[in-house]
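Visitor: Hey, dropping final.txt in here, compact mmCIF, C-alpha atoms and all ligand atoms:
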# COMPACT_ATOMS: atom_id res chain seq x y z
CA MET C 1 109.65 93.25 77.01
CA LYS C 2 112.22 95.70 78.41
CA ARG C 3 111.08 98.30 80.91
CA ALA C 4 112.34 101.90 80.87
CA LEU C 5 111.77 104.64 83.41
CA ILE C 6 112.07 108.19 82.06
CA THR C 7 112.25 111.21 84.35
CA GLY C 8 111.40 114.43 82.51
CA ILE C 9 109.00 112.54 80.22
CA THR C 10 106.85 115.67 79.72
CA GLY C 11 109.86 117.60 78.35
CA GLN C 12 111.17 117.80 74.79
CA ASP C 13 113.62 114.88 74.98
CA GLY C 14 111.31 112.85 77.22
CA ALA C 15 108.62 112.88 74.55
CA TYR C 16 110.99 111.94 71.72
CA LEU C 17 112.61 109.21 73.82
CA ALA C 18 109.25 107.77 74.94
CA GLN C 19 108.10 107.62 71.32
CA PHE C 20 111.37 105.97 70.28
CA LEU C 21 111.29 103.36 73.08
CA LEU C 22 107.62 102.50 72.49
CA GLU C 23 108.44 101.88 68.84
CA LYS C 24 111.17 99.52 70.01
CA GLY C 25 108.62 97.58 72.06
CA TYR C 26 109.58 98.87 75.53
CA GLU C 27 107.16 99.21 78.39
CA VAL C 28 107.61 102.89 79.28
CA PHE C 29 107.20 104.39 82.76
CA GLY C 30 107.28 108.17 83.12
CA LEU C 31 107.89 110.21 86.25
CA ILE C 32 105.61 113.24 86.39
CA ARG C 33 105.36 116.10 88.85
CA ARG C 34 102.07 117.04 90.41
CA THR C 35 100.89 120.21 88.63
CA SER C 36 97.69 122.25 88.87
CA SER C 37 97.07 121.79 85.17
CA PRO C 38 98.13 118.96 82.85
CA ASN C 39 101.31 119.24 80.83
CA PHE C 40 100.98 116.47 78.27
CA TRP C 41 101.05 118.52 75.05
CA ARG C 42 104.28 116.92 73.83
CA LEU C 43 103.10 113.36 74.50
CA ASP C 44 99.78 114.26 72.84
CA TYR C 45 101.75 115.50 69.80
CA PHE C 46 102.85 111.88 69.29
CA GLY C 47 99.53 110.43 70.50
CA ILE C 48 101.32 108.20 73.02
CA LYS C 49 100.04 109.44 76.37
CA ASP C 50 97.78 106.43 76.92
CA ARG C 51 100.63 103.99 76.32
CA ILE C 52 102.75 105.28 79.21
CA HIS C 53 102.57 104.25 82.86
CA PHE C 54 102.81 107.49 84.81
CA LEU C 55 104.36 107.55 88.27
CA GLU C 56 104.04 110.64 90.41
CA GLY C 57 107.37 111.94 91.71
CA ASP C 58 109.84 114.77 91.91
CA LEU C 59 113.64 114.91 91.86
CA LEU C 60 113.32 116.99 95.04
CA ASP C 61 111.54 114.19 96.88
CA THR C 62 113.51 111.07 97.82
CA GLU C 63 110.58 108.90 98.86
CA SER C 64 108.71 109.43 95.59
CA LEU C 65 111.81 108.41 93.61
CA ASN C 66 112.28 105.28 95.71
CA LEU C 67 108.66 104.36 95.10
CA ALA C 68 108.85 105.09 91.37
CA VAL C 69 111.96 102.95 90.84
CA SER C 70 110.71 100.09 92.99
CA THR C 71 107.34 100.14 91.18
CA ALA C 72 108.73 100.35 87.65
CA GLN C 73 111.53 97.79 88.22
CA PRO C 74 113.24 99.22 85.14
CA ASP C 75 115.96 97.69 82.99
CA GLU C 76 116.94 101.22 81.94
CA VAL C 77 116.55 104.59 83.66
CA TYR C 78 116.87 107.83 81.69
CA ASN C 79 117.29 110.82 84.01
CA LEU C 80 116.19 113.70 81.78
CA ALA C 81 114.38 115.78 84.42
CA ALA C 82 115.97 119.14 85.15
CA GLN C 83 115.51 122.85 85.55
CA SER C 84 116.94 123.09 82.06
CA PHE C 85 116.82 126.80 81.22
CA VAL C 86 120.22 128.46 81.67
CA GLY C 87 118.73 131.97 81.96
CA THR C 88 116.52 131.01 84.90
CA SER C 89 119.43 129.37 86.70
CA TRP C 90 120.84 132.75 87.80
CA LYS C 91 117.45 133.71 89.25
CA GLN C 92 116.75 130.31 90.86
CA ALA C 93 120.24 129.04 91.56
CA VAL C 94 119.32 127.05 94.67
CA LEU C 95 116.36 125.31 93.07
CA THR C 96 118.43 124.56 89.98
CA THR C 97 121.12 122.99 92.15
CA GLU C 98 118.64 121.00 94.24
CA VAL C 99 117.05 119.49 91.14
CA ASN C 100 119.97 119.13 88.74
CA ALA C 101 122.70 118.22 91.22
CA LEU C 102 121.24 116.61 94.37
CA GLY C 103 118.32 115.27 92.33
CA VAL C 104 120.77 113.06 90.45
CA THR C 105 122.10 111.63 93.71
CA ARG C 106 118.57 110.97 94.88
CA ILE C 107 117.62 109.01 91.76
CA LEU C 108 120.97 107.20 91.70
CA ASN C 109 120.38 106.08 95.29
CA ALA C 110 116.89 104.90 94.36
CA VAL C 111 118.36 102.84 91.50
CA LYS C 112 121.16 101.53 93.72
CA HIS C 113 118.69 100.27 96.33
CA PHE C 114 115.65 99.23 94.28
CA ALA C 115 116.94 98.30 90.78
CA PRO C 116 120.71 97.86 91.12
CA LYS C 117 121.05 96.05 87.80
CA ALA C 118 119.34 98.83 85.83
CA LYS C 119 121.39 100.80 83.32
CA PHE C 120 121.33 104.53 84.05
CA TYR C 121 121.59 107.48 81.65
CA GLN C 122 122.34 111.00 82.93
CA ALA C 123 121.52 114.03 80.75
CA SER C 124 124.74 116.02 80.90
CA THR C 125 125.45 119.02 78.75
CA SER C 126 127.92 120.96 76.65
CA GLU C 127 127.23 123.89 79.01
CA MET C 128 129.77 122.22 81.34
CA TYR C 129 132.58 123.36 79.01
CA GLY C 130 131.88 127.08 79.35
CA ASN C 131 134.30 128.81 77.02
CA SER C 132 136.89 126.05 77.37
CA HIS C 133 138.00 124.32 74.15
CA LEU C 134 140.84 122.44 72.48
CA ASN C 135 141.64 123.81 69.01
CA GLY C 136 138.25 125.53 68.93
CA LYS C 137 136.29 122.33 69.67
CA GLN C 138 135.03 120.30 72.62
CA ASP C 139 135.18 116.54 73.16
CA GLU C 140 135.27 114.08 76.09
CA ASN C 141 138.80 115.24 77.03
CA THR C 142 138.24 118.99 77.02
CA PRO C 143 138.59 120.59 80.48
CA LEU C 144 135.30 121.70 82.02
CA HIS C 145 134.73 125.29 83.18
CA PRO C 146 131.00 125.86 83.80
CA ARG C 147 129.77 129.48 83.62
CA SER C 148 126.21 129.40 85.00
CA PRO C 149 124.47 127.90 88.03
CA TYR C 150 122.83 125.51 85.54
CA ALA C 151 126.18 124.35 84.17
CA ILE C 152 127.63 123.98 87.67
CA SER C 153 124.68 121.90 88.84
CA LYS C 154 125.03 119.69 85.76
CA LEU C 155 128.74 119.27 86.43
CA TYR C 156 127.84 117.77 89.81
CA GLY C 157 125.30 115.47 88.13
CA HIS C 158 127.93 114.38 85.63
CA TRP C 159 130.52 113.53 88.29
CA ILE C 160 128.15 111.81 90.71
CA THR C 161 127.07 109.60 87.80
CA ILE C 162 130.69 108.68 87.14
CA ASN C 163 131.33 108.25 90.85
CA TYR C 164 128.49 105.74 91.29
CA ARG C 165 129.89 103.78 88.36
CA GLU C 166 133.35 103.73 89.92
CA SER C 167 132.19 103.19 93.52
CA PHE C 168 129.30 100.75 93.26
CA ASP C 169 129.93 98.99 89.96
CA MET C 170 126.69 100.41 88.57
CA PHE C 171 126.07 100.75 84.81
CA THR C 172 125.86 104.53 84.63
CA CYS C 173 126.53 106.70 81.54
CA SER C 174 126.72 110.42 81.13
CA GLY C 175 125.77 111.82 77.72
CA ILE C 176 127.37 115.21 77.07
CA LEU C 177 124.81 116.50 74.61
CA PHE C 178 125.18 119.72 72.69
CA ASN C 179 122.09 121.83 72.02
CA HIS C 180 119.29 119.90 70.37
CA GLU C 181 116.01 121.32 69.27
CA SER C 182 112.69 120.40 67.66
CA PRO C 183 109.15 121.70 67.22
CA LEU C 184 108.64 120.45 70.81
CA ARG C 185 111.33 122.74 72.25
CA GLY C 186 110.24 124.99 75.13
CA ILE C 187 109.27 128.46 73.95
CA GLU C 188 111.90 130.25 76.07
CA PHE C 189 114.89 128.68 74.27
CA VAL C 190 116.25 130.82 71.47
CA THR C 191 115.50 128.48 68.55
CA ARG C 192 111.83 127.99 69.35
CA LYS C 193 111.51 131.64 70.38
CA ILE C 194 112.69 132.52 66.90
CA SER C 195 110.55 129.97 65.02
CA ASP C 196 107.48 131.03 67.01
CA GLY C 197 108.32 134.74 66.61
CA VAL C 198 108.83 134.40 62.86
CA ALA C 199 105.48 132.59 62.53
CA ARG C 200 103.76 135.39 64.48
CA ILE C 201 105.30 138.04 62.25
CA LYS C 202 104.34 136.08 59.13
CA HIS C 203 100.72 135.82 60.30
CA GLY C 204 100.58 139.51 61.24
CA ILE C 205 100.10 138.91 64.97
CA ALA C 206 103.50 140.35 66.00
CA SER C 207 105.65 143.07 64.53
CA GLU C 208 109.03 142.37 66.16
CA LEU C 209 111.19 139.70 67.75
CA ARG C 210 113.18 140.70 70.85
CA LEU C 211 116.46 138.82 71.37
CA GLY C 212 119.74 139.07 73.29
CA ASN C 213 123.19 138.09 72.02
CA LEU C 214 123.01 137.33 68.29
CA ASP C 215 126.72 136.49 68.01
CA SER C 216 126.87 133.42 70.22
CA LYS C 217 127.37 130.15 68.35
CA ARG C 218 125.82 126.80 69.13
CA ASP C 219 126.16 123.30 67.69
CA TRP C 220 122.44 122.69 67.09
CA GLY C 221 121.09 119.21 66.34
CA PHE C 222 117.67 117.53 66.31
CA SER C 223 116.25 116.04 69.52
CA GLY C 224 114.81 113.04 67.62
CA ASP C 225 118.34 112.09 66.53
CA TYR C 226 119.86 112.67 69.97
CA VAL C 227 117.53 110.40 71.97
CA GLN C 228 118.74 107.50 69.80
CA ALA C 229 122.26 108.18 71.06
CA MET C 230 121.01 108.01 74.68
CA TRP C 231 119.55 104.57 74.00
CA LEU C 232 122.67 103.37 72.17
CA MET C 233 124.83 104.30 75.19
CA LEU C 234 122.78 101.94 77.35
CA GLN C 235 123.04 99.09 74.83
CA GLN C 236 126.84 98.88 75.20
CA ASN C 237 128.54 96.17 77.23
CA GLN C 238 130.57 98.70 79.22
CA PRO C 239 129.27 102.01 80.60
CA GLU C 240 131.04 105.06 79.16
CA ASP C 241 130.44 108.76 78.62
CA PHE C 242 129.93 110.23 75.16
CA VAL C 243 129.75 113.63 73.49
CA ILE C 244 126.80 113.94 71.12
CA SER C 245 126.89 116.78 68.59
CA THR C 246 126.67 117.55 64.88
CA GLY C 247 130.20 119.00 64.52
CA ILE C 248 128.83 122.13 62.81
CA ASN C 249 127.89 125.33 64.58
CA HIS C 250 125.92 128.45 63.69
CA SER C 251 125.30 131.81 65.30
CA VAL C 252 121.95 133.06 66.56
CA THR C 253 122.08 135.44 63.59
CA ASP C 254 122.38 132.43 61.23
CA PHE C 255 119.36 130.85 62.90
CA CYS C 256 117.32 134.04 62.45
CA GLU C 257 118.30 134.37 58.83
CA ALA C 258 117.36 130.76 58.04
CA ALA C 259 114.08 130.99 59.98
CA PHE C 260 112.86 134.17 58.29
CA GLN C 261 113.87 132.67 54.96
CA SER C 262 111.79 129.54 55.67
CA ALA C 263 108.77 131.76 56.19
CA GLY C 264 109.50 133.70 52.99
CA ILE C 265 110.17 136.99 54.82
CA GLN C 266 112.78 139.31 53.29
CA ASN C 267 114.80 141.99 55.16
CA TRP C 268 114.62 140.05 58.43
CA LYS C 269 116.85 142.49 60.34
CA GLN C 270 114.09 145.09 60.46
CA TYR C 271 112.04 142.79 62.73
CA VAL C 272 114.74 141.90 65.27
CA VAL C 273 115.21 144.16 68.31
CA ILE C 274 118.12 143.67 70.71
CA ASP C 275 116.80 143.66 74.26
CA GLN C 276 119.26 143.85 77.18
CA ALA C 277 116.86 141.74 79.26
CA PHE C 278 118.02 138.68 77.30
CA ILE C 279 121.76 139.29 77.70
CA ARG C 280 123.19 136.83 80.26
CA PRO C 281 125.44 137.65 83.25
CA ALA C 282 128.03 135.26 81.77
CA GLU C 283 127.84 133.98 78.21
CA LEU C 284 129.22 131.01 76.28
CA ASN C 285 130.36 132.42 72.98
CA PHE C 286 131.17 129.32 71.04
CA LEU C 287 130.28 125.63 71.29
CA LEU C 288 131.33 123.05 68.71
CA GLY C 289 131.23 119.37 69.60
CA MET C 290 133.43 116.55 68.37
CA SER C 291 131.37 113.35 68.58
CA ASN C 292 133.94 111.04 66.96
CA LYS C 293 133.82 108.62 69.89
CA ALA C 294 130.03 108.19 69.57
CA ARG C 295 130.28 107.82 65.80
CA GLU C 296 132.92 105.11 66.11
CA LYS C 297 131.74 103.17 69.18
CA LEU C 298 127.97 103.65 68.98
CA GLY C 299 127.67 103.91 65.21
CA TRP C 300 125.61 107.05 65.82
CA GLN C 301 125.40 110.07 63.57
CA PRO C 302 122.93 112.93 63.27
CA LYS C 303 120.48 112.73 60.36
CA LYS C 304 118.79 116.12 60.24
CA THR C 305 120.74 119.12 58.95
CA PHE C 306 120.61 122.61 60.44
CA GLU C 307 118.56 123.87 57.49
CA GLN C 308 116.05 120.99 57.76
CA LEU C 309 115.75 121.55 61.51
CA VAL C 310 115.05 125.28 61.18
CA ASP C 311 112.57 124.71 58.38
CA MET C 312 110.75 122.00 60.35
CA MET C 313 110.44 124.26 63.40
CA VAL C 314 109.22 127.27 61.44
CA LYS C 315 106.69 125.27 59.38
CA THR C 316 105.28 123.67 62.55
CA ASP C 317 104.88 127.06 64.24
CA LEU C 318 103.29 128.54 61.11
CA ASP C 319 100.73 125.70 61.23
CA ARG C 320 100.18 126.02 64.96
CA LEU C 321 99.39 129.73 64.68
CA SER C 322 97.50 129.66 61.38
CA HIS C 323 94.12 130.11 63.10
CA TYR C 324 95.32 133.49 64.46
CA LYS C 325 96.24 134.67 60.97
CA LYS C 326 95.11 138.27 60.37
P1 LIG O 1 112.84 120.27 79.13
O1 LIG O 1 112.01 120.26 77.88
O2 LIG O 1 112.98 121.54 79.88
O3 LIG O 1 112.20 119.15 80.10
C1 LIG O 1 112.57 119.08 81.45
C2 LIG O 1 111.75 118.01 82.13
O4 LIG O 1 112.15 117.93 83.51
C3 LIG O 1 110.23 118.28 82.14
O5 LIG O 1 109.56 117.06 81.95
C4 LIG O 1 110.00 118.78 83.56
O6 LIG O 1 108.70 118.55 84.03
C5 LIG O 1 110.99 117.92 84.32
N1 LIG O 1 111.31 118.43 85.64
C6 LIG O 1 111.76 119.65 85.98
N2 LIG O 1 111.97 119.74 87.30
C7 LIG O 1 111.64 118.54 87.82
C8 LIG O 1 111.62 118.00 89.13
N3 LIG O 1 111.98 118.74 90.20
N4 LIG O 1 111.23 116.73 89.30
C9 LIG O 1 110.85 115.98 88.25
N5 LIG O 1 110.81 116.45 86.98
C10 LIG O 1 111.21 117.70 86.77
O7 LIG O 1 114.31 119.73 78.82
P2 LIG O 1 114.88 118.94 77.54
O8 LIG O 1 115.31 119.93 76.52
O9 LIG O 1 113.94 117.85 77.19
O10 LIG O 1 116.23 118.34 78.15
C11 LIG O 1 116.23 117.07 78.79
C12 LIG O 1 117.45 116.97 79.68
O11 LIG O 1 118.64 117.11 78.91
C13 LIG O 1 117.57 118.04 80.76
O12 LIG O 1 118.17 117.44 81.89
C14 LIG O 1 118.49 119.07 80.17
O13 LIG O 1 119.14 119.80 81.19
C15 LIG O 1 119.44 118.18 79.41
N6 LIG O 1 120.06 118.75 78.22
C16 LIG O 1 119.30 119.32 77.26
C17 LIG O 1 119.91 119.80 76.10
C18 LIG O 1 119.09 120.43 74.99
O14 LIG O 1 119.68 121.10 74.14
N7 LIG O 1 117.77 120.19 74.95
C19 LIG O 1 121.29 119.68 75.93
C20 LIG O 1 122.02 119.05 76.93
C21 LIG O 1 121.40 118.57 78.07
P3 LIG O 1 107.49 119.62 83.83
O15 LIG O 1 106.95 119.33 82.45
O16 LIG O 1 106.58 119.28 84.94
O17 LIG O 1 108.10 120.99 83.92
O1 LIG O 2 120.44 129.97 74.30
C1 LIG O 2 121.44 133.27 73.03
C2 LIG O 2 121.83 132.88 74.46
O2 LIG O 2 118.57 129.44 75.86
C3 LIG O 2 121.29 129.77 73.21
C4 LIG O 2 119.56 124.22 77.08
O3 LIG O 2 118.87 123.16 76.46
O4 LIG O 2 121.40 124.00 75.56
C5 LIG O 2 120.45 124.91 76.06
O5 LIG O 2 121.09 126.02 76.68
C6 LIG O 2 122.07 131.05 72.93
C7 LIG O 2 122.71 131.69 74.16
O6 LIG O 2 120.13 127.60 75.05
C8 LIG O 2 118.24 134.97 73.24
O7 LIG O 2 122.49 133.97 75.10
C9 LIG O 2 120.17 135.30 72.29
O8 LIG O 2 124.01 132.11 73.83
O9 LIG O 2 118.48 128.53 73.52
P1 LIG O 2 119.31 128.90 74.70
P2 LIG O 2 121.45 127.37 75.92
O10 LIG O 2 121.63 128.41 76.93
O11 LIG O 2 122.57 127.13 74.96
C10 LIG O 2 122.27 123.44 76.55
C11 LIG O 2 123.19 122.47 75.86
C12 LIG O 2 121.56 122.90 77.71
O12 LIG O 2 122.02 121.98 78.36
C13 LIG O 2 120.40 123.67 78.23
O13 LIG O 2 119.54 122.85 79.02
O14 LIG O 2 121.17 132.02 72.41
N1 LIG O 2 120.25 134.13 72.95
N2 LIG O 2 118.94 135.83 72.46
C14 LIG O 2 119.08 133.89 73.55
N3 LIG O 2 118.67 132.86 74.31
C15 LIG O 2 117.39 132.88 74.75
N4 LIG O 2 116.93 131.83 75.48
N5 LIG O 2 116.54 133.94 74.48
C16 LIG O 2 116.93 135.00 73.74
O15 LIG O 2 116.17 135.92 73.51
Can I see the file as structure tokens?
Guide:
Amino acid sequence: MKRALITGITGQDGAYLAQFLLEKGYEVFGLIRRTSSPNFWRLDYFGIKDRIHFLEGDLLDTESLNLAVSTAQPDEVYNLAAQSFVGTSWKQAVLTTEVNALGVTRILNAVKHFAPKAKFYQASTSEMYGNSHLNGKQDENTPLHPRSPYAISKLYGHWITINYRESFDMFTCSGILFNHESPLRGIEFVTRKISDGVARIKHGIASELRLGNLDSKRDWGFSGDYVQAMWLMLQQNQPEDFVISTGINHSVTDFCEAAFQSAGIQNWKQYVVIDQAFIRPAELNFLLGMSNKAREKLGWQPKKTFEQLVDMMVKTDLDRLSHYKK
């Protein structure tokens, strides 16, 4: 039985990955932070909480990571933990950097010392590109030009992962994943904010949805498809970095339109209010990923379409809020 250690197991991708690895017969260890109230709603969604070995730890705390890695003795480590919200990264730039940049070095050191043969996955991001592109698209060779403290911290995580591969002969991979969503997405991200907001409007418990920049475009995929790519990267004989994306992008406007349509609401524009509070100090206007390398070498491709993803998110939020229905 293979053993996997997942940091960020209580997050969106952590829950999908844990479910996926358990189905594959892995023994799954999850790093969790000490919190004043439990945060297992995503693992409960899959009913898998009792099948995971939880280890207390924090990417800010070296000793706890050393202990977690030496206890789990993993074959594979998936470093998904992060301060992952771009908007917050301007307000908490130092914390974001401590967790997303130095945190990667801390866990890499723990792996190097306590499980040197383990394969390591780092959750890198399309945010590292900023507005940089080649012919309107981004792939593994596109220059990086991060435009937020989040993206800059992730750039460090990306390069330290590569550096440990080149310096210490460790099996480390960096997955450059474009936006991926699901009904388990955090409520502050625009897709879930929209699906939740649409459900509230449909049930008569809200009358408007306040958003920022409706013109920005993202290459949105489904988290359940993307965690499979993480696993595939670690099943290769040689460690490499891969872009994971759908190759199709949509604007925030498109997402709104599809979401209101899923709920059967006409004239959606009357419900959307532009609020300056959600406009970012620096924006990424356009992301569109080319995942040809992953499709060829990993045999990976996304299964869920944009329309299916939006519909799934809206229907789940309609169900979740149905008891509030007026
Ligand atoms: P998420 O839902 O925000 O989950 C983040 C996880 O990190 C949570 O489990 C959180 O724990 C944990 N965490 C935060 N700070 C920590 C710390 N100091 N020590 C230990 N754990 C900590 O994020 P996600 O969407 O699943 O994304 C997973 C990873 O992929 C992140 O690294 C993100 O930056 C990256 N990424 C995401 C996307 C995307 O579109 N989703 C795209 C590219 C890259 P709590 O539950 O205790 O808060
Ligand atoms: O914003 C615009 C916003 O916060 C998407 C993270 O998982 O993916 C995610 O980062 C777009 C931006 O995601 C609102 O300005 C408009 O252009 O959902 P988001 P993100 O910033 O793309 C990358 C790949 C990651 O790595 C990150 O961890 O939507 N937008 N109005 C809004 N965004 C939010 N959050 N709220 C709004 O009201």
Visitor: So which residues are near ligand LIG 2 (chain O), meaning at most 7 Å away with only C-alpha atoms and all ligand atoms counted, given back as a ChimeraX atom specification?
Guide: /C:84-87,125-127,177-180,188-191,193,210-214,216-218,252,278-280,283-285
Visitor: At a cut-off of 12 Å, using only C-alpha atoms, what residues contact Thr172 in chain C? Leave out same-chain residues fewer than 6 positions from it and give the result as a PyMOL selection string.
Guide: chain C and resi 76-79+104+107-108+111-112+116-123+157-166+230+233-242
Visitor: Expressed in Å to a single decimal, how great is the separation between CA of Leu59 in chain C and CA of Phe46 in chain C?
Guide: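 Distance between the two atoms: 25.2 Å.
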Visitor: Neighbours of Asp50 in chain C within 12 Å (all atoms listed in the file; same-chain residues fewer than 6 positions away dropped), as a list in words?
Guide: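 These residues fall inside the cut-off: Ala18, Gln19, Leu22, Glu27, Val28, Phe29, Gly30, Phe40, Leu43 and Asp44 of chain C.
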Visitor: What does the distance from CA of Gly25 in chain C to CA of Trp231 in chain C come to in Å, to one decimal?
Guide: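 Here the two named atoms are 13.1 Å from each other.
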Visitor: With distances taken over all atoms listed in the file, which residue among C:Val272, C:Val310, C:Leu134, C:Ala282 lies nearest Gly221 in chain C?
Guide: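 Of the candidates, the smallest distance to Gly221 in chain C is held by C:Val310.
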Visitor: Would you pick out the contacts of Ile194 in chain C at 9 Å or less, using only C-alpha atoms, so that residues sharing its chain but fewer than 5 positions from it are not included, and give the list as a list in words?
Guide: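 Selected residues are Ile187, Phe189, Ala199, Leu209, Leu211, Phe255, Cys256, Ala259, Phe260 and Val314 of chain C.
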